[in-house]
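As provided, protein.pdb (PDB, C-alpha atoms, pLDDT in the B column) reads as follows.
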MODEL        1
ATOM      1  CA  MET Q   1      59.105 -10.767   3.298  1.00 49.00           C
ATOM      2  CA  LEU Q   2      57.890 -14.014   4.852  1.00 52.00           C
ATOM      3  CA  THR Q   3      56.899 -16.882   2.591  1.00 49.00           C
ATOM      4  CA  PHE Q   4      54.935 -19.974   3.534  1.00 51.00           C
ATOM      5  CA  LYS Q   5      55.548 -23.358   1.987  1.00 55.00           C
ATOM      6  CA  THR Q   6      52.590 -25.504   0.982  1.00 56.00           C
ATOM      7  CA  SER Q   7      53.005 -29.248   0.729  1.00 66.00           C
ATOM      8  CA  LYS Q   8      52.315 -30.864  -2.624  1.00 74.00           C
ATOM      9  CA  ALA Q   9      49.702 -33.205  -1.123  1.00 75.00           C
ATOM     10  CA  ARG Q  10      47.824 -30.292   0.479  1.00 75.00           C
ATOM     11  CA  GLU Q  11      47.882 -28.304  -2.762  1.00 77.00           C
ATOM     12  CA  ASN Q  12      46.518 -31.315  -4.657  1.00 79.00           C
ATOM     13  CA  ILE Q  13      43.597 -31.545  -2.220  1.00 79.00           C
ATOM     14  CA  PHE Q  14      42.798 -27.823  -2.558  1.00 74.00           C
ATOM     15  CA  SER Q  15      43.071 -28.099  -6.346  1.00 77.00           C
ATOM     16  CA  ARG Q  16      40.499 -30.877  -6.468  1.00 78.00           C
ATOM     17  CA  ILE Q  17      38.144 -28.964  -4.139  1.00 74.00           C
ATOM     18  CA  ARG Q  18      38.373 -25.848  -6.359  1.00 73.00           C
ATOM     19  CA  LYS Q  19      37.693 -27.951  -9.441  1.00 73.00           C
ATOM     20  CA  GLU Q  20      34.602 -29.546  -7.899  1.00 71.00           C
ATOM     21  CA  LEU Q  21      33.266 -26.225  -6.628  1.00 66.00           C
ATOM     22  CA  SER Q  22      33.724 -24.479  -9.972  1.00 68.00           C
ATOM     23  CA  GLY Q  23      32.171 -27.313 -11.957  1.00 63.00           C
ATOM     24  CA  GLN Q  24      28.996 -27.837  -9.955  1.00 60.00           C
ATOM     25  CA  SER Q  25      26.430 -25.486  -8.508  1.00 63.00           C
ATOM     26  CA  THR Q  26      24.925 -26.216  -5.115  1.00 65.00           C
ATOM     27  CA  PRO Q  27      21.565 -27.920  -5.645  1.00 68.00           C
ATOM     28  CA  MET Q  28      18.439 -26.359  -4.178  1.00 63.00           C
ATOM     29  CA  PRO Q  29      17.557 -28.417  -1.073  1.00 65.00           C
ATOM     30  CA  TYR Q  30      13.783 -28.329  -1.689  1.00 65.00           C
ATOM     31  CA  PRO Q  31      13.215 -27.855  -5.442  1.00 63.00           C
ATOM     32  CA  GLU Q  32       9.516 -28.672  -5.116  1.00 64.00           C
ATOM     33  CA  ALA Q  33       8.991 -25.482  -3.073  1.00 57.00           C
ATOM     34  CA  GLU Q  34       9.298 -23.290  -6.165  1.00 54.00           C
ATOM     35  CA  LYS Q  35       6.676 -25.363  -7.994  1.00 57.00           C
ATOM     36  CA  ASP Q  36       3.976 -24.873  -5.359  1.00 55.00           C
ATOM     37  CA  ASN Q  37       2.096 -21.724  -6.340  1.00 56.00           C
ATOM     38  CA  GLN Q  38      -0.989 -22.419  -4.268  1.00 60.00           C
ATOM     39  CA  ALA Q  39      -2.116 -19.882  -1.695  1.00 62.00           C
ATOM     40  CA  ILE Q  40      -0.755 -20.607   1.786  1.00 67.00           C
ATOM     41  CA  TYR Q  41      -3.540 -18.770   3.618  1.00 72.00           C
ATOM     42  CA  ALA Q  42      -6.933 -20.249   4.378  1.00 71.00           C
ATOM     43  CA  ASN Q  43      -9.808 -19.199   2.141  1.00 75.00           C
ATOM     44  CA  LYS Q  44     -12.418 -17.443   4.276  1.00 75.00           C
ATOM     45  CA  GLY Q  45     -15.127 -17.967   1.699  1.00 86.00           C
ATOM     46  CA  LEU Q  46     -15.723 -14.224   1.447  1.00 91.00           C
ATOM     47  CA  ALA Q  47     -15.399 -11.797  -1.449  1.00 94.00           C
ATOM     48  CA  PRO Q  48     -12.122  -9.800  -1.518  1.00 95.00           C
ATOM     49  CA  GLU Q  49     -14.074  -6.615  -0.726  1.00 96.00           C
ATOM     50  CA  GLU Q  50     -15.502  -8.200   2.423  1.00 96.00           C
ATOM     51  CA  ILE Q  51     -12.116  -9.507   3.545  1.00 96.00           C
ATOM     52  CA  PHE Q  52     -10.533  -6.095   3.007  1.00 97.00           C
ATOM     53  CA  ALA Q  53     -13.258  -4.346   5.019  1.00 97.00           C
ATOM     54  CA  GLU Q  54     -12.896  -6.852   7.865  1.00 96.00           C
ATOM     55  CA  GLU Q  55      -9.091  -6.578   8.042  1.00 96.00           C
ATOM     56  CA  PHE Q  56      -9.049  -2.805   7.546  1.00 96.00           C
ATOM     57  CA  ILE Q  57     -11.467  -2.261  10.448  1.00 96.00           C
ATOM     58  CA  LYS Q  58      -9.428  -4.604  12.686  1.00 94.00           C
ATOM     59  CA  LEU Q  59      -6.438  -2.322  12.120  1.00 91.00           C
ATOM     60  CA  GLY Q  60      -8.333   0.778  13.217  1.00 92.00           C
ATOM     61  CA  GLY Q  61      -9.409   1.992   9.788  1.00 94.00           C
ATOM     62  CA  LYS Q  62     -12.882   3.376   9.103  1.00 96.00           C
ATOM     63  CA  PHE Q  63     -14.575   1.672   6.160  1.00 97.00           C
ATOM     64  CA  ILE Q  64     -17.558   3.052   4.216  1.00 97.00           C
ATOM     65  CA  PHE Q  65     -19.217   1.124   1.402  1.00 97.00           C
ATOM     66  CA  CYS Q  66     -20.723   3.280  -1.369  1.00 97.00           C
ATOM     67  CA  GLU Q  67     -23.243   1.978  -3.897  1.00 97.00           C
ATOM     68  CA  ASN Q  68     -22.089   4.487  -6.534  1.00 97.00           C
ATOM     69  CA  GLU Q  69     -20.210   7.767  -6.986  1.00 97.00           C
ATOM     70  CA  GLN Q  70     -23.207   9.818  -5.857  1.00 97.00           C
ATOM     71  CA  ASP Q  71     -23.207   7.850  -2.609  1.00 97.00           C
ATOM     72  CA  LEU Q  72     -19.495   8.677  -2.259  1.00 98.00           C
ATOM     73  CA  LEU Q  73     -20.189  12.404  -2.639  1.00 97.00           C
ATOM     74  CA  ASP Q  74     -22.975  12.273  -0.061  1.00 97.00           C
ATOM     75  CA  ASN Q  75     -20.897  10.363   2.484  1.00 97.00           C
ATOM     76  CA  ILE Q  76     -17.863  12.644   2.159  1.00 98.00           C
ATOM     77  CA  ASN Q  77     -20.135  15.686   2.484  1.00 97.00           C
ATOM     78  CA  ILE Q  78     -21.681  14.241   5.673  1.00 97.00           C
ATOM     79  CA  LEU Q  79     -18.224  13.497   7.106  1.00 97.00           C
ATOM     80  CA  TYR Q  80     -17.037  17.028   6.304  1.00 97.00           C
ATOM     81  CA  GLU Q  81     -20.037  18.625   8.040  1.00 97.00           C
ATOM     82  CA  ASN Q  82     -19.951  16.296  11.084  1.00 97.00           C
ATOM     83  CA  ARG Q  83     -16.255  16.949  11.696  1.00 97.00           C
ATOM     84  CA  GLY Q  84     -16.565  20.696  11.175  1.00 96.00           C
ATOM     85  CA  TRP Q  85     -13.452  20.782   9.027  1.00 96.00           C
ATOM     86  CA  ARG Q  86     -12.334  24.138   7.705  1.00 95.00           C
ATOM     87  CA  GLN Q  87     -10.265  22.760   4.832  1.00 96.00           C
ATOM     88  CA  LEU Q  88     -10.511  19.394   3.114  1.00 97.00           C
ATOM     89  CA  LEU Q  89      -7.885  18.850   0.429  1.00 97.00           C
ATOM     90  CA  CYS Q  90      -8.199  16.537  -2.551  1.00 98.00           C
ATOM     91  CA  ALA Q  91      -5.176  15.265  -4.491  1.00 97.00           C
ATOM     92  CA  ASP Q  92      -7.209  13.357  -7.082  1.00 97.00           C
ATOM     93  CA  GLN Q  93      -8.156  15.406 -10.139  1.00 96.00           C
ATOM     94  CA  ARG Q  94     -10.889  13.003 -11.203  1.00 95.00           C
ATOM     95  CA  LEU Q  95     -12.689  13.261  -7.863  1.00 97.00           C
ATOM     96  CA  LEU Q  96     -12.311  17.036  -7.848  1.00 97.00           C
ATOM     97  CA  LYS Q  97     -14.057  17.172 -11.215  1.00 97.00           C
ATOM     98  CA  ILE Q  98     -16.903  14.953  -9.973  1.00 96.00           C
ATOM     99  CA  PHE Q  99     -17.484  17.292  -7.020  1.00 97.00           C
ATOM    100  CA  GLN Q 100     -17.345  20.351  -9.260  1.00 96.00           C
ATOM    101  CA  ASN Q 101     -19.823  18.821 -11.732  1.00 96.00           C
ATOM    102  CA  ASN Q 102     -22.226  18.260  -8.841  1.00 96.00           C
ATOM    103  CA  LYS Q 103     -21.667  21.831  -7.581  1.00 95.00           C
ATOM    104  CA  ILE Q 104     -20.286  20.690  -4.214  1.00 95.00           C
ATOM    105  CA  ASP Q 105     -17.544  23.090  -3.177  1.00 95.00           C
ATOM    106  CA  ILE Q 106     -16.174  21.551   0.024  1.00 97.00           C
ATOM    107  CA  LEU Q 107     -12.895  20.382  -1.576  1.00 97.00           C
ATOM    108  CA  THR Q 108      -9.708  22.365  -2.112  1.00 96.00           C
ATOM    109  CA  PRO Q 109      -7.130  21.140  -4.666  1.00 96.00           C
ATOM    110  CA  ALA Q 110      -4.179  19.692  -2.776  1.00 95.00           C
ATOM    111  CA  ASP Q 111      -1.110  21.922  -2.683  1.00 93.00           C
ATOM    112  CA  PRO Q 112       2.218  21.156  -0.924  1.00 89.00           C
ATOM    113  CA  ASN Q 113       2.197  24.721   0.429  1.00 90.00           C
ATOM    114  CA  VAL Q 114      -1.096  24.196   2.296  1.00 91.00           C
ATOM    115  CA  GLU Q 115      -0.084  23.001   5.750  1.00 88.00           C
ATOM    116  CA  ASN Q 116      -3.111  23.543   7.983  1.00 91.00           C
ATOM    117  CA  ALA Q 117      -5.772  21.372   6.354  1.00 95.00           C
ATOM    118  CA  GLU Q 118      -7.430  18.848   8.638  1.00 96.00           C
ATOM    119  CA  ALA Q 119      -7.724  16.096   6.033  1.00 97.00           C
ATOM    120  CA  CYS Q 120      -6.734  15.075   2.517  1.00 97.00           C
ATOM    121  CA  ILE Q 121      -8.411  12.765   0.013  1.00 98.00           C
ATOM    122  CA  THR Q 122      -6.412  10.579  -2.365  1.00 97.00           C
ATOM    123  CA  GLY Q 123      -7.060   7.694  -4.681  1.00 97.00           C
ATOM    124  CA  CYS Q 124      -4.939   4.557  -4.489  1.00 97.00           C
ATOM    125  CA  GLU Q 125      -3.312   1.976  -6.713  1.00 98.00           C
ATOM    126  CA  MET Q 126      -4.853  -1.085  -5.075  1.00 97.00           C
ATOM    127  CA  LEU Q 127      -6.494  -2.375  -1.910  1.00 98.00           C
ATOM    128  CA  VAL Q 128      -5.000  -5.620  -0.555  1.00 97.00           C
ATOM    129  CA  ALA Q 129      -7.705  -7.780   0.991  1.00 97.00           C
ATOM    130  CA  ARG Q 130      -5.699 -10.231   3.109  1.00 95.00           C
ATOM    131  CA  THR Q 131      -3.738  -7.582   5.012  1.00 95.00           C
ATOM    132  CA  GLY Q 132      -6.269  -4.736   4.872  1.00 96.00           C
ATOM    133  CA  SER Q 133      -3.592  -2.566   3.249  1.00 97.00           C
ATOM    134  CA  ILE Q 134      -3.743   0.355   0.828  1.00 97.00           C
ATOM    135  CA  LEU Q 135      -1.170   0.377  -1.966  1.00 97.00           C
ATOM    136  CA  LEU Q 136      -0.011   3.891  -2.900  1.00 97.00           C
ATOM    137  CA  SER Q 137       2.653   5.166  -5.283  1.00 97.00           C
ATOM    138  CA  SER Q 138       4.536   8.277  -6.354  1.00 96.00           C
ATOM    139  CA  ARG Q 139       2.688   8.238  -9.695  1.00 95.00           C
ATOM    140  CA  GLN Q 140      -0.362   9.606  -7.903  1.00 96.00           C
ATOM    141  CA  ASN Q 141      -0.666  13.374  -7.569  1.00 94.00           C
ATOM    142  CA  MET Q 142       1.323  14.395  -4.449  1.00 93.00           C
ATOM    143  CA  GLY Q 143       1.811  10.674  -3.886  1.00 93.00           C
ATOM    144  CA  ARG Q 144       4.649  11.145  -1.395  1.00 92.00           C
ATOM    145  CA  VAL Q 145       3.029  13.921   0.656  1.00 92.00           C
ATOM    146  CA  ALA Q 146      -0.777  13.731   0.572  1.00 93.00           C
ATOM    147  CA  PRO Q 147      -1.168  10.312   2.280  1.00 91.00           C
ATOM    148  CA  MET Q 148       1.305  11.160   5.053  1.00 89.00           C
ATOM    149  CA  TYR Q 149       1.259  14.811   6.027  1.00 91.00           C
ATOM    150  CA  TYR Q 150      -2.302  15.580   7.160  1.00 93.00           C
ATOM    151  CA  PRO Q 151      -4.032  14.382  10.360  1.00 93.00           C
ATOM    152  CA  VAL Q 152      -6.735  12.473   8.474  1.00 96.00           C
ATOM    153  CA  HIS Q 153      -6.197  10.498   5.269  1.00 96.00           C
ATOM    154  CA  ILE Q 154      -9.284   9.677   3.193  1.00 97.00           C
ATOM    155  CA  VAL Q 155      -8.905   7.079   0.434  1.00 98.00           C
ATOM    156  CA  PHE Q 156     -11.472   6.222  -2.191  1.00 98.00           C
ATOM    157  CA  ALA Q 157     -11.309   3.155  -4.412  1.00 98.00           C
ATOM    158  CA  TYR Q 158     -13.388   1.130  -6.853  1.00 98.00           C
ATOM    159  CA  ALA Q 159     -14.371  -2.535  -6.621  1.00 97.00           C
ATOM    160  CA  ASN Q 160     -11.971  -3.659  -9.352  1.00 97.00           C
ATOM    161  CA  GLN Q 161      -9.031  -2.176  -7.418  1.00 98.00           C
ATOM    162  CA  VAL Q 162      -9.380  -4.790  -4.652  1.00 98.00           C
ATOM    163  CA  VAL Q 163      -6.959  -7.712  -4.989  1.00 97.00           C
ATOM    164  CA  ALA Q 164      -6.563 -10.824  -2.856  1.00 95.00           C
ATOM    165  CA  ASP Q 165      -2.949 -10.525  -1.702  1.00 95.00           C
ATOM    166  CA  ILE Q 166       0.227  -8.448  -1.897  1.00 94.00           C
ATOM    167  CA  ASP Q 167       1.737 -10.370  -4.829  1.00 93.00           C
ATOM    168  CA  ASP Q 168      -1.477  -9.751  -6.792  1.00 95.00           C
ATOM    169  CA  SER Q 169      -1.129  -6.008  -6.187  1.00 96.00           C
ATOM    170  CA  PHE Q 170       2.444  -5.927  -7.491  1.00 94.00           C
ATOM    171  CA  ASN Q 171       1.470  -8.002 -10.526  1.00 95.00           C
ATOM    172  CA  ALA Q 172      -1.270  -5.460 -11.241  1.00 96.00           C
ATOM    173  CA  LEU Q 173       1.254  -2.618 -10.918  1.00 96.00           C
ATOM    174  CA  LYS Q 174       3.590  -4.335 -13.384  1.00 95.00           C
ATOM    175  CA  LYS Q 175       0.713  -4.759 -15.816  1.00 95.00           C
ATOM    176  CA  LYS Q 176      -0.247  -1.090 -15.427  1.00 95.00           C
ATOM    177  CA  TYR Q 177       3.205   0.512 -15.638  1.00 96.00           C
ATOM    178  CA  GLY Q 178       5.305  -2.115 -17.417  1.00 94.00           C
ATOM    179  CA  SER Q 179       9.026  -1.609 -16.936  1.00 91.00           C
ATOM    180  CA  GLU Q 180       8.543   1.968 -15.705  1.00 94.00           C
ATOM    181  CA  LEU Q 181       7.376   1.260 -12.177  1.00 95.00           C
ATOM    182  CA  PRO Q 182       6.860   4.196  -9.778  1.00 96.00           C
ATOM    183  CA  SER Q 183       9.962   5.248  -7.842  1.00 95.00           C
ATOM    184  CA  MET Q 184       8.006   4.946  -4.580  1.00 95.00           C
ATOM    185  CA  ILE Q 185       5.535   2.186  -3.749  1.00 95.00           C
ATOM    186  CA  SER Q 186       4.142   1.908  -0.244  1.00 94.00           C
ATOM    187  CA  LEU Q 187       1.694  -0.252   1.673  1.00 93.00           C
ATOM    188  CA  THR Q 188      -0.324   1.626   4.286  1.00 92.00           C
ATOM    189  CA  THR Q 189      -1.765  -0.726   6.861  1.00 90.00           C
ATOM    190  CA  GLY Q 190      -3.945   1.163   9.317  1.00 85.00           C
ATOM    191  CA  PRO Q 191      -3.303   4.560  10.959  1.00 82.00           C
ATOM    192  CA  SER Q 192       0.262   5.567  11.837  1.00 66.00           C
ATOM    193  CA  ARG Q 193       1.319   4.018  15.148  1.00 59.00           C
ATOM    194  CA  THR Q 194       4.379   3.388  17.283  1.00 63.00           C
ATOM    195  CA  ALA Q 195       5.206   1.798  20.628  1.00 56.00           C
ATOM    196  CA  ASP Q 196       8.837   2.915  20.726  1.00 60.00           C
ATOM    197  CA  ILE Q 197       8.357   5.067  23.820  1.00 61.00           C
ATOM    198  CA  GLU Q 198       8.069   2.885  26.927  1.00 62.00           C
ATOM    199  CA  LYS Q 199       6.101   0.262  24.921  1.00 60.00           C
ATOM    200  CA  THR Q 200       3.031   2.518  24.969  1.00 59.00           C
ATOM    201  CA  LEU Q 201       1.028   2.505  21.735  1.00 54.00           C
ATOM    202  CA  VAL Q 202       0.680   5.989  20.276  1.00 56.00           C
ATOM    203  CA  VAL Q 203      -1.378   6.619  17.131  1.00 54.00           C
ATOM    204  CA  GLY Q 204      -0.695   9.378  14.602  1.00 49.00           C
ATOM    205  CA  VAL Q 205       2.986  10.013  15.291  1.00 59.00           C
ATOM    206  CA  HIS Q 206       4.605   9.418  11.896  1.00 63.00           C
ATOM    207  CA  GLY Q 207       1.529  10.040   9.763  1.00 73.00           C
ATOM    208  CA  PRO Q 208      -2.274  10.313   9.873  1.00 89.00           C
ATOM    209  CA  GLY Q 209      -4.024   9.369  13.092  1.00 89.00           C
ATOM    210  CA  GLU Q 210      -7.155   8.357  11.171  1.00 94.00           C
ATOM    211  CA  ILE Q 211      -7.689   6.622   7.843  1.00 95.00           C
ATOM    212  CA  PHE Q 212     -11.028   6.368   6.042  1.00 97.00           C
ATOM    213  CA  CYS Q 213     -11.614   4.141   3.041  1.00 98.00           C
ATOM    214  CA  PHE Q 214     -14.626   4.697   0.801  1.00 98.00           C
ATOM    215  CA  LEU Q 215     -15.148   1.725  -1.523  1.00 98.00           C
ATOM    216  CA  ILE Q 216     -17.390   2.353  -4.549  1.00 98.00           C
ATOM    217  CA  ASN Q 217     -19.386  -0.609  -5.857  1.00 97.00           C
ATOM    218  CA  ALA Q 218     -18.358   0.020  -9.474  1.00 96.00           C
ATOM    219  CA  ASP Q 219     -15.328  -0.430 -11.722  1.00 94.00           C
ATOM    220  CA  LEU Q 220     -12.860   2.356 -12.304  1.00 89.00           C
TER     221      LEU Q 220
ENDMDL
END
Could the structure of this file be written out as structure tokens, please?
Amino acid sequence: MLTFKTSKARENIFSRIRKELSGQSTPMPYPEAEKDNQAIYANKGLAPEEIFAEEFIKLGGKFIFCENEQDLLDNINILYENRGWRQLLCADQRLLKIFQNNKIDILTPADPNVENAEACITGCEMLVARTGSILLSSRQNMGRVAPMYYPVHIVFAYANQVVADIDDSFNALKKKYGSELPSMISLTTGPSRTADIEKTLVVGVHGPGEIFCFLINADL
């Protein structure tokens, strides 16, 4: 076996380097950066709901403002009739009950075995104003399937579910679920799209080709 000799002077140098490295941590080059918690994006002077609507529409989403829950029912009913859908699924038990109480029978409870529905309605965790994104999680009924599988995804939300930015949405999730966060958290930003094939934009490849958001002017 080969052995390599190390000079005493060289070993002394390495020993001092090891000692210095073990005794001191590398200082943060810009410590003031962690102290600056101010928003880095310009304030548009609009309410979060307005900013969300603006950004969501820019991304190809279809936004509908509802004065109350009755307005929501009427708008969904109009959409259902105008599109001529045969089956509209709903993964949100609360909304299903509201429709049933108003004797409107256009919704079918969402079921993973139902594959041919044209659209599916879900709730959401939050709406993120700055990016026009919808925050979804696996804690919602069929949370992994309902927002992704069907050609049209319809989301309904309440005014107090709109937050300014992404960090605000995660803080709200932590407050809601504590240490038991959902195993899946996703941000949906506009309809599914890809430009992988010859740089041509194609919508609706990996998920819904259309996304509607109905925002109710009330608190959940």
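Ranking Q:Met142, Q:Leu89, Q:Ile166, Q:Ala159 by their shortest atom-to-atom distance to Val128 in chain Q, with only C-alpha atoms included, puts Q:Ile166 first.
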The PyMOL selection byres ((chain Q and resi 123) around 12) applied to the shown file, residues as a PyMOL selection string: chain Q and resi 90-96+120-122+124-127+134-143+146-147+153-158+161+212-216+220
Selected residue, from Q:Leu173, Q:Ala110, Q:Cys66, Q:Met184, that lies nearest to Tyr150 in chain Q when counting only C-alpha atoms: Q:Ala110
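By chain and then residue number, the residues within 10 Å of Gln87 in chain Q are Tyr80, Ile106, Leu107, Thr108, Val114, Asn116, Ala117, Glu118, Ala119 and Cys120 of chain Q, counting all atoms listed in the file and disregarding those fewer than 6 positions away in sequence.
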Selection under test: the PyMOL selection byres ((chain Q and resi 189) around 10); residues as JSON, numbers by chain: {"Q": [55, 56, 59, 60, 61, 128, 131, 132, 133, 134, 135, 186, 187, 188, 190, 191, 192, 211]}
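Atom pair CA of Ala164 in chain Q / CA of Pro48 in chain Q has a distance of 5.8 Å (rounded to one decimal).
Going from CA of Leu79 in chain Q to CA of Asp105 in chain Q covers 14.1 Å.
CA of Val162 in chain Q is found 18.1 Å from CA of Ala42 in chain Q.
All residues of protein, DNA or RNA that reach within 7 Å of Asn68 in chain Q, judged by all atoms listed in the file and not counting those fewer than 3 positions away in the chain, are Asp71, Leu72, Ile216, Asn217 and Ala218 of chain Q.
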Neighbours of point (-1.6, 12.5, 8.9) within 6 Å, using all atoms listed in the file, written as number ranges by chain: Q: 148-152, 207-209
